[in-house]
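The structure under discussion appears below in the form of structure tokens.
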Amino acid sequence: RERAAEGEGLLGVVLALEVPHSPDPVSVFDRIALALAALRERLGGRPVGEGGRDLDADGLQALRASVEDAAYALREAGIPPGGAAARRLF
């Protein structure tokens, strides 16, 4: 924050999750959400999602549901997230 007060700014930070590459995508998403909160507290700014839309609590919950759905779909297809097959395919 000291640097931001001196006029220096941070263009942006990207937090990403590749569902097929994580053995527990929902848990990783939850940790990313905590990191996002910590970054916002420390650096300020506003979180945005794809397309630059504001990312509020409802948006985070919707993203979490998407991660859950994607992980479920992989498992249903016989491709465990984080497994060798998922890493090869994606």
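Starting from 1 in every chain, residues are counted up; chains themselves are A, B, ... following the order of the structure tokens, and ligands are numbered from 1 as listed.
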DSSP alpha helix (DSSP H) residues within stretch 7-57 of chain A, as a PyMOL selection string: chain A and resi 25-43+57
Contacts of stretch 78-85 of chain A within 7 Å, only C-alpha atoms, excl. fewer than 6 positions in-chain, as JSON, numbers by chain: {"A": [19, 20, 21, 22, 23, 71]}
Distance in Å - atom CA of A:Leu89 versus atom CA of A:Gly49: 25.5 Å
Exercise: A:Gly52 partners within 12 Å, only C-alpha atoms, chain neighbours under 4 positions left out, as a PDB file with C-alpha atoms, in the first residue's frame:
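As written to disk, around28.pdb reads:
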ATOM      1  CA  GLY A  12      -3.247  -6.768 -12.315  1.00  0.00           C
ATOM      2  CA  VAL A  14      -4.330 -13.292 -12.423  1.00  0.00           C
ATOM      3  CA  ARG A  46     -11.392  -4.771  -7.189  1.00  0.00           C
ATOM      4  CA  PRO A  47     -11.598  -8.362  -8.322  1.00  0.00           C
ATOM      5  CA  VAL A  48     -12.942  -8.947 -11.806  1.00  0.00           C
TER       6      VAL A  48
END
Surrounding residues of A:Ala35 excluding itself and chain neighbours under 6 positions, 12 Å, only C-alpha atoms, as a list in words: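 Surrounding residues, per the criterion: Val13, Val14, Leu15, Ala16, Val28, Phe29, Glu41, Arg42, Leu43 and Pro47 of chain A.
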If you keep N, CA, C and O atoms, can you produce a file of those selected residues as an mmCIF file, in the first residue's frame?
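Produced file result17.cif, reproduced below:
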data_model
loop_
_atom_site.group_PDB
_atom_site.id
_atom_site.type_symbol
_atom_site.label_atom_id
_atom_site.label_comp_id
_atom_site.auth_asym_id
_atom_site.auth_seq_id
_atom_site.Cartn_x
_atom_site.Cartn_y
_atom_site.Cartn_z
ATOM 1 N N VAL A 13 -3.307 -8.882 -11.246
ATOM 2 C CA VAL A 13 -2.849 -10.198 -10.814
ATOM 3 C C VAL A 13 -3.882 -11.194 -11.328
ATOM 4 O O VAL A 13 -5.083 -10.970 -11.203
ATOM 5 N N VAL A 14 -3.427 -12.272 -11.903
ATOM 6 C CA VAL A 14 -4.330 -13.292 -12.423
ATOM 7 C C VAL A 14 -4.226 -14.535 -11.543
ATOM 8 O O VAL A 14 -3.133 -15.042 -11.300
ATOM 9 N N LEU A 15 -5.371 -14.993 -11.076
ATOM 10 C CA LEU A 15 -5.450 -16.244 -10.332
ATOM 11 C C LEU A 15 -6.245 -17.210 -11.203
ATOM 12 O O LEU A 15 -7.341 -16.883 -11.658
ATOM 13 N N ALA A 16 -5.691 -18.373 -11.454
ATOM 14 C CA ALA A 16 -6.328 -19.310 -12.377
ATOM 15 C C ALA A 16 -6.316 -20.721 -11.802
ATOM 16 O O ALA A 16 -5.481 -21.060 -10.969
ATOM 17 N N VAL A 28 -9.030 -26.386 -4.132
ATOM 18 C CA VAL A 28 -8.087 -25.408 -4.696
ATOM 19 C C VAL A 28 -8.809 -24.093 -4.973
ATOM 20 O O VAL A 28 -8.293 -23.019 -4.682
ATOM 21 N N PHE A 29 -10.017 -24.167 -5.510
ATOM 22 C CA PHE A 29 -10.790 -22.945 -5.752
ATOM 23 C C PHE A 29 -11.013 -22.186 -4.448
ATOM 24 O O PHE A 29 -10.866 -20.964 -4.400
ATOM 25 N N GLU A 41 -7.250 -7.214 0.250
ATOM 26 C CA GLU A 41 -7.000 -6.517 1.511
ATOM 27 C C GLU A 41 -5.641 -5.818 1.484
ATOM 28 O O GLU A 41 -5.507 -4.679 1.902
ATOM 29 N N ARG A 42 -4.647 -6.506 0.994
ATOM 30 C CA ARG A 42 -3.272 -5.982 1.015
ATOM 31 C C ARG A 42 -3.011 -4.957 -0.081
ATOM 32 O O ARG A 42 -2.369 -3.947 0.146
ATOM 33 N N LEU A 43 -3.529 -5.232 -1.269
ATOM 34 C CA LEU A 43 -3.206 -4.384 -2.413
ATOM 35 C C LEU A 43 -4.315 -3.417 -2.812
ATOM 36 O O LEU A 43 -4.085 -2.500 -3.583
ATOM 37 N N PRO A 47 -11.707 -7.136 -7.538
ATOM 38 C CA PRO A 47 -11.598 -8.362 -8.322
ATOM 39 C C PRO A 47 -12.571 -8.335 -9.499
ATOM 40 O O PRO A 47 -13.693 -7.851 -9.375
#
Point-to-point distance in Å for atom CA of A:Arg75 and atom CA of A:Leu36: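 One can read the atom CA of A:Leu36 to atom CA of A:Arg75 distance as 27.4 Å.
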Separation of atom CA of A:Leu55 from atom CA of A:Ile32 in Å: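 Pair atom CA of A:Ile32 / atom CA of A:Leu55 returns 13.2 Å.
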Counting only C-alpha atoms, the residue of A:Arg87, A:Asp24, A:Leu11, A:Ala37 that sits nearest A:Leu60: A:Ala37
